[in-house]
file my_file_3.txt (compact mmCIF, C-alpha atoms)
# COMPACT_ATOMS: atom_id res chain seq x y z
CA MET A 1 118.64 67.08 186.12
CA ALA A 2 122.14 68.52 186.05
CA VAL A 3 123.15 65.98 183.42
CA CYS A 4 120.24 66.99 181.18
CA LEU A 5 121.07 70.70 181.57
CA ARG A 6 124.72 70.04 180.70
CA ARG A 7 123.73 68.11 177.58
CA ALA A 8 121.39 70.91 176.47
CA LEU A 9 124.14 73.52 176.86
CA GLN A 10 126.59 71.37 174.90
CA SER A 11 124.10 70.92 172.04
CA ARG A 12 123.54 74.70 171.86
CA SER A 13 127.29 75.34 171.78
CA LEU A 14 127.70 72.92 168.89
CA LEU A 15 124.81 74.58 167.05
CA LEU A 16 126.41 78.00 167.56
CA LEU A 17 129.73 76.83 166.14
CA ARG A 18 128.02 75.25 163.12
CA ALA A 19 125.94 78.36 162.40
CA SER A 20 128.83 80.81 162.73
CA ARG A 21 130.50 79.31 159.70
CA CYS A 22 127.66 80.23 157.34
CA VAL A 23 126.31 83.38 158.96
CA VAL A 24 127.56 86.83 158.04
CA ALA A 25 126.51 89.87 160.01
CA LEU A 26 125.64 92.84 157.80
CA SER A 27 124.77 96.41 158.41
CA PRO A 28 121.09 97.49 158.29
CA SER A 29 121.78 98.85 154.78
CA SER A 30 122.10 95.30 153.42
CA TYR A 31 119.35 93.22 151.94
CA LEU A 32 117.32 90.52 153.63
CA CYS A 33 117.19 86.84 152.83
CA PRO A 34 114.81 84.31 154.42
CA ARG A 35 116.27 82.99 157.69
CA ASP A 36 116.52 79.36 158.55
CA PRO A 37 116.11 77.85 162.05
CA ALA A 38 119.86 77.72 162.54
CA LEU A 39 120.11 81.49 162.11
CA GLU A 40 117.23 82.09 164.49
CA GLU A 41 118.95 79.88 167.03
CA ALA A 42 122.24 81.70 166.56
CA SER A 43 120.48 85.00 167.13
CA VAL A 44 119.05 83.76 170.35
CA LEU A 45 122.53 82.75 171.45
CA GLY A 46 123.76 86.29 171.20
CA ILE A 47 124.97 87.00 167.65
CA ARG A 48 123.90 90.58 166.99
CA GLY A 49 124.73 93.54 164.81
CA GLY A 50 122.17 93.49 162.01
CA PHE A 51 120.51 91.23 159.47
CA PHE A 52 121.80 87.93 158.22
CA ARG A 53 122.98 86.49 154.92
CA VAL A 54 123.93 82.88 154.20
CA GLY A 55 126.96 82.07 152.00
CA SER A 56 127.13 83.68 148.56
CA ASP A 57 123.93 82.26 147.06
CA CYS A 58 122.00 85.40 147.96
CA SER A 59 124.81 87.78 147.07
CA LEU A 60 123.90 90.48 144.51
CA GLY A 61 127.01 92.59 144.98
CA SER A 62 128.60 94.24 147.97
CA TRP A 63 127.07 97.25 149.65
CA ARG A 64 130.23 99.18 148.87
CA GLY A 65 129.80 98.49 145.15
CA PHE A 66 126.22 99.80 145.16
CA ALA A 67 127.27 102.84 147.17
CA LYS A 68 129.74 103.79 144.43
CA GLY A 69 127.15 103.39 141.74
CA LYS A 70 128.67 100.30 140.17
CA LYS A 71 126.53 98.29 137.78
CA SER A 72 126.05 94.57 137.96
CA ASN A 73 128.24 92.31 135.87
CA GLU A 74 125.28 91.50 133.69
CA ASN A 75 124.96 95.14 132.63
CA ASN A 76 128.70 95.51 132.15
CA ASP A 77 128.81 92.53 129.81
CA GLU A 78 125.89 93.79 127.74
CA LYS A 79 127.03 94.84 124.24
CA ILE A 80 125.36 96.11 121.09
CA GLN A 81 124.67 93.23 118.74
CA VAL A 82 125.64 94.03 115.15
CA ASP A 83 125.74 92.02 111.96
CA PRO A 84 129.35 90.84 111.40
CA ASN A 85 128.68 90.91 107.64
CA PHE A 86 127.59 94.55 107.71
CA GLY A 87 130.72 95.81 105.91
CA PRO A 88 130.53 93.42 102.92
CA THR A 89 126.77 93.96 102.70
CA VAL A 90 127.14 97.75 102.57
CA LYS A 91 129.85 97.53 99.90
CA SER A 92 127.80 95.10 97.81
CA THR A 93 124.66 97.26 98.03
CA THR A 94 126.61 100.43 97.28
CA LEU A 95 128.28 98.83 94.28
CA SER A 96 124.98 97.62 92.78
CA GLN A 97 123.34 101.05 93.23
CA MET A 98 126.26 102.89 91.66
CA GLU A 99 126.37 100.45 88.75
CA ALA A 100 122.63 100.98 88.24
CA ALA A 101 123.22 104.75 88.12
CA ILE A 102 125.85 104.32 85.40
CA VAL A 103 123.52 102.07 83.38
CA ALA A 104 120.77 104.68 83.65
CA LEU A 105 123.18 107.39 82.49
CA SER A 106 124.22 105.29 79.50
CA ARG A 107 120.58 104.81 78.57
CA GLU A 108 119.87 108.54 78.79
CA LEU A 109 122.91 109.49 76.72
CA SER A 110 121.96 107.01 74.02
CA LYS A 111 118.71 108.90 73.51
CA LEU A 112 120.56 112.03 72.44
CA ARG A 113 121.02 112.36 68.73
CA THR A 114 124.40 113.25 67.32
CA GLY A 115 125.49 113.88 63.76
CA ARG A 116 126.91 110.36 63.52
CA ALA A 117 124.81 107.24 62.94
CA SER A 118 124.73 104.72 65.81
CA ALA A 119 122.73 101.50 66.01
CA GLY A 120 121.94 102.09 69.68
CA MET A 121 120.47 105.55 69.18
CA LEU A 122 117.03 104.05 68.42
CA ASP A 123 116.92 101.54 71.29
CA HIS A 124 114.81 103.75 73.56
CA ILE A 125 112.06 104.25 70.97
CA LEU A 126 108.85 102.38 71.84
CA VAL A 127 106.85 100.74 69.06
CA GLU A 128 103.18 99.89 69.57
CA THR A 129 102.50 96.53 67.99
CA GLY A 130 100.05 93.75 68.85
CA GLY A 131 98.34 95.98 71.43
CA ALA A 132 101.55 96.46 73.45
CA LYS A 133 104.50 98.86 73.44
CA MET A 134 107.94 97.33 73.00
CA PRO A 135 111.45 98.76 72.55
CA LEU A 136 112.34 99.12 68.87
CA ASN A 137 115.34 96.81 69.19
CA HIS A 138 112.89 94.04 70.23
CA VAL A 139 110.86 94.30 67.04
CA ALA A 140 113.49 95.29 64.46
CA VAL A 141 117.15 95.04 63.55
CA VAL A 142 119.00 98.37 63.39
CA SER A 143 122.24 98.51 61.43
CA VAL A 144 124.60 101.27 60.26
CA ILE A 145 124.89 101.71 56.49
CA ASN A 146 127.40 104.55 56.82
CA SER A 147 128.25 107.32 59.28
CA LYS A 148 125.13 109.25 58.24
CA THR A 149 122.57 106.52 57.50
CA LEU A 150 120.71 103.80 59.46
CA SER A 151 118.76 100.78 58.25
CA VAL A 152 115.77 99.52 60.28
CA THR A 153 114.36 96.10 59.35
CA PRO A 154 111.34 94.80 61.36
CA TYR A 155 111.24 91.09 62.22
CA ASP A 156 107.60 91.13 61.14
CA PRO A 157 107.13 93.00 57.81
CA THR A 158 103.59 93.91 58.82
CA ALA A 159 105.04 96.07 61.62
CA LEU A 160 106.87 98.33 59.17
CA LYS A 161 104.30 101.13 59.43
CA ALA A 162 104.28 101.00 63.24
CA VAL A 163 108.08 101.22 63.34
CA GLU A 164 108.13 104.12 60.90
CA SER A 165 105.54 106.02 62.92
CA ALA A 166 107.50 105.46 66.17
CA VAL A 167 110.77 106.71 64.66
CA ILE A 168 109.14 109.82 63.21
CA SER A 169 107.43 110.69 66.53
CA SER A 170 110.65 110.31 68.53
CA PRO A 171 112.57 113.44 69.61
CA LEU A 172 115.52 112.51 67.37
CA GLY A 173 114.17 114.48 64.44
CA LEU A 174 114.52 111.60 61.96
CA ASN A 175 112.34 111.12 58.88
CA PRO A 176 112.86 107.54 57.61
CA THR A 177 111.72 106.40 54.18
CA PRO A 178 110.48 102.89 53.29
CA ASP A 179 112.80 100.74 51.16
CA GLY A 180 111.09 97.42 50.54
CA GLN A 181 110.76 95.66 53.92
CA ARG A 182 113.06 98.07 55.70
CA LEU A 183 113.39 101.75 56.55
CA ILE A 184 116.28 104.02 55.62
CA ALA A 185 116.91 106.80 58.12
CA ALA A 186 119.30 109.59 57.20
CA ILE A 187 120.93 111.39 60.15
CA PRO A 188 120.67 115.14 59.52
CA PRO A 189 123.56 117.32 60.64
CA LEU A 190 123.15 119.18 63.92
CA THR A 191 122.95 122.95 63.95
CA LYS A 192 124.99 124.97 66.40
CA GLU A 193 121.87 125.60 68.47
CA ASN A 194 121.11 121.88 68.56
CA MET A 195 124.61 121.11 69.76
CA GLN A 196 124.44 123.66 72.58
CA ALA A 197 121.06 122.37 73.71
CA LEU A 198 122.25 118.76 73.67
CA CYS A 199 125.41 119.61 75.62
CA LYS A 200 123.25 121.21 78.31
CA VAL A 201 121.21 118.02 78.51
CA VAL A 202 124.42 116.01 78.90
CA ALA A 203 125.64 118.31 81.68
CA LYS A 204 122.32 117.92 83.51
CA SER A 205 122.47 114.14 83.16
CA SER A 206 126.03 114.21 84.52
CA GLU A 207 125.00 116.12 87.66
CA ASP A 208 121.99 113.87 88.23
CA VAL A 209 124.00 110.66 88.08
CA LYS A 210 126.69 112.09 90.38
CA GLN A 211 124.05 112.86 92.97
CA SER A 212 122.70 109.32 92.67
CA ILE A 213 126.19 107.90 93.14
CA ARG A 214 126.84 110.02 96.24
CA ARG A 215 123.48 109.06 97.75
CA ALA A 216 124.47 105.41 97.38
CA ARG A 217 127.37 105.84 99.84
CA GLN A 218 125.03 105.00 102.77
CA LYS A 219 126.77 107.26 105.25
CA ASP A 220 123.76 107.22 107.57
CA SER A 221 123.72 103.42 107.71
CA ILE A 222 127.42 103.34 108.60
CA LYS A 223 126.98 105.93 111.36
CA LYS A 224 124.16 103.93 112.96
CA VAL A 225 126.39 100.89 113.57
CA ALA A 226 129.65 102.75 114.19
CA ALA A 227 129.34 102.25 117.96
CA GLY A 228 129.26 98.48 117.52
CA PHE A 229 132.42 98.18 115.40
CA PRO A 230 136.06 99.03 116.06
CA LYS A 231 136.94 102.52 114.88
CA ASP A 232 139.63 101.19 112.54
CA ASP A 233 137.10 98.94 110.78
CA ILE A 234 134.65 101.82 110.34
CA LYS A 235 137.37 104.10 108.95
CA ARG A 236 138.49 101.37 106.56
CA LEU A 237 134.93 100.82 105.35
CA GLU A 238 134.35 104.55 104.86
CA LYS A 239 137.61 104.84 102.92
CA GLU A 240 136.68 101.94 100.62
CA ILE A 241 133.22 103.41 99.97
CA GLU A 242 134.74 106.83 99.24
CA GLU A 243 137.21 105.34 96.76
CA MET A 244 134.36 103.48 95.08
CA THR A 245 132.39 106.73 94.87
CA LYS A 246 135.28 108.60 93.25
CA ARG A 247 135.76 105.81 90.72
CA PHE A 248 132.12 105.85 89.61
CA VAL A 249 132.00 109.65 89.50
CA MET A 250 135.06 109.59 87.24
CA THR A 251 133.36 107.01 85.01
CA ALA A 252 130.28 109.23 84.71
CA ASP A 253 132.48 112.22 83.84
CA ASP A 254 134.28 110.27 81.13
CA MET A 255 131.00 109.09 79.60
CA CYS A 256 129.54 112.59 79.49
CA LYS A 257 132.71 114.15 78.07
CA ALA A 258 132.76 111.50 75.33
CA LYS A 259 129.12 112.25 74.53
CA GLU A 260 129.75 116.00 74.34
CA LYS A 261 132.68 115.38 72.01
CA GLU A 262 130.50 113.15 69.85
CA ILE A 263 127.85 115.87 69.65
CA THR A 264 130.19 118.73 68.84
CA ASN A 265 132.23 116.74 66.32
CA GLY A 266 129.14 115.06 64.80
call {"tool": "encode", "arguments": {"input": "my_file_3.txt", "output": "structure tokens"}}
result
Amino acid sequence: MAVCLRRALQSRSLLLLRASRCVVALSPSSYLCPRDPALEEASVLGIRGGFFRVGSDCSLGSWRGFAKGKKSNENNDEKIQVDPNFGPTVKSTTLSQMEAAIVALSRELSKLRTGRASAGMLDHILVETGGAKMPLNHVAVVSVINSKTLSVTPYDPTALKAVESAVISSPLGLNPTPDGQRLIAAIPPLTKENMQALCKVVAKSSEDVKQSIRRARQKDSIKKVAAGFPKDDIKRLEKEIEEMTKRFVMTADDMCKAKEKEITNG
């Protein structure tokens, strides 16, 4: 009997030593993990002072860390995901929009008549032929005879009347006359009133295109992703866009000044 009791006490002592290596006593503020039989046995043998935790498998962060309001590593490592190609994409989009604004300005300025003949001054006129409306330069060849006279020759001679009607109804104030299979259009001189009115139209076109160019800078898009990029990269991108904007605004100014000079010197 004594031998059996001694063996039982020895086995419990060994169990206690084995359990003490993997058992950590925590305060009641800690979390609970499911206990195993070894922990229950250790508790019976007198280990007290709170709940139990085994190893680090159940560890979610120390109680001290939570008390100070620290976030888990997972939250600390979380970052805003941004497109690494955002900068080149913004510059490419901005460039295409500003170029489109300049093309539109060039088209509008070409519609304004000056005292000097220009082959492109009739490009915007639409001619109705074959049940469809097409730009005049798609149905006829326009050439300059001299500084005051244009020649318009339709590809299809049967479209001569349609071309003549389209030119007369345009706001250019031209009155072409038939000459065989072509039209001869004399460019009448501009009056002072005409010049002033045309210069106002040029100034309005200049302001409109500048607004379009500035809208293309995409400042709002850059601000939305600013938090996800280094400040130096954002500043560099904004500087490049601003330089691009100034360059296109200057181009628009030069085009409009040239058109005003053409009108006044017609």
call {"tool": "closest_residue", "arguments": {"input": "my_file_3.txt", "among": "A:Lys192, A:Arg217, A:Lys210, A:Lys148", "to": "Ala104 in chain A", "atoms": "all atoms listed in the file"}}
result
A:Lys210
call {"tool": "atom_distance", "arguments": {"input": "my_file_3.txt", "atom1": "CA of Leu190 in chain A", "atom2": "CA of Lys261 in chain A"}}
result
13.1 Å
call {"tool": "closest_residue", "arguments": {"input": "my_file_3.txt", "among": "A:Ser165, A:Asn194, A:Thr153, A:Ser118", "to": "Gly180 in chain A", "atoms": "only C-alpha atoms"}}
result
A:Thr153
call {"tool": "closest_residue", "arguments": {"input": "my_file_3.txt", "among": "A:Ala119, A:Leu95, A:Val209, A:Ile145", "to": "Glu243 in chain A", "atoms": "only C-alpha atoms"}}
result
A:Leu95
call {"tool": "closest_residue", "arguments": {"input": "my_file_3.txt", "among": "A:Ile263, A:Met98, A:Pro154, A:Leu174", "to": "Lys246 in chain A", "atoms": "all atoms listed in the file"}}
result
A:Met98
call {"tool": "closest_atom_pairs", "arguments": {"input": "my_file_3.txt", "of": "range 182-225 of chain A", "to": "range 124-142 of chain A", "cutoff": "12 Å", "atoms": "all atoms listed in the file", "output": "JSON lines"}}
result
{"residue": "A:Arg182", "atom": "CA", "partner": "A:Ala140", "partner_atom": "CA", "distance": 9.2}
{"residue": "A:Leu183", "atom": "CA", "partner": "A:Val142", "partner_atom": "CA", "distance": 9.5}
{"residue": "A:Ile184", "atom": "CA", "partner": "A:Val142", "partner_atom": "CA", "distance": 10.0}
{"residue": "A:Ala185", "atom": "CA", "partner": "A:Val142", "partner_atom": "CA", "distance": 10.2}
call {"tool": "residues_around", "arguments": {"input": "my_file_3.txt", "residues": "Arg116 in chain A", "least_positions_apart": "5", "cutoff": "10 Å", "atoms": "all atoms listed in the file", "output": "MDAnalysis selection string"}}
result
chainID A and resid 121 144 146:150 186:190 262:263 265:266
call {"tool": "atom_distance", "arguments": {"input": "my_file_3.txt", "atom1": "CA of Ala203 in chain A", "atom2": "CA of Ser143 in chain A"}}
result
28.5 Å
call {"tool": "residues_around", "arguments": {"input": "my_file_3.txt", "residues": "range 252-260 of chain A", "least_positions_apart": "3", "cutoff": "7 Å", "atoms": "only C-alpha atoms", "output": "PyMOL selection string"}}
result
chain A and resi 102+199+202+206+248-249+263-264
call {"tool": "atom_distance", "arguments": {"input": "my_file_3.txt", "atom1": "CA of Pro176 in chain A", "atom2": "CA of Lys200 in chain A"}}
result
26.9 Å
call {"tool": "residues_around", "arguments": {"input": "my_file_3.txt", "residues": "Glu238 in chain A", "least_positions_apart": "3", "cutoff": "10 Å", "atoms": "all atoms listed in the file", "output": "ChimeraX atom specification"}}
result
/A:87,91,217-219,222-223,232-235,241-244
call {"tool": "closest_residue", "arguments": {"input": "my_file_3.txt", "among": "A:Asn175, A:Leu198, A:Ser151, A:Val163", "to": "Leu109 in chain A", "atoms": "all atoms listed in the file"}}
result
A:Leu198
call {"tool": "axis_aligned_box", "arguments": {"input": "my_file_3.txt", "around": "range 204-211 of chain A", "padding_each_side": "5 Å", "output": "lines of an AutoDock Vina configuration file"}}
result
center_x = 124.3
center_y = 114.3
center_z = 88.1
size_x = 14.7
size_y = 17.3
size_z = 19.8
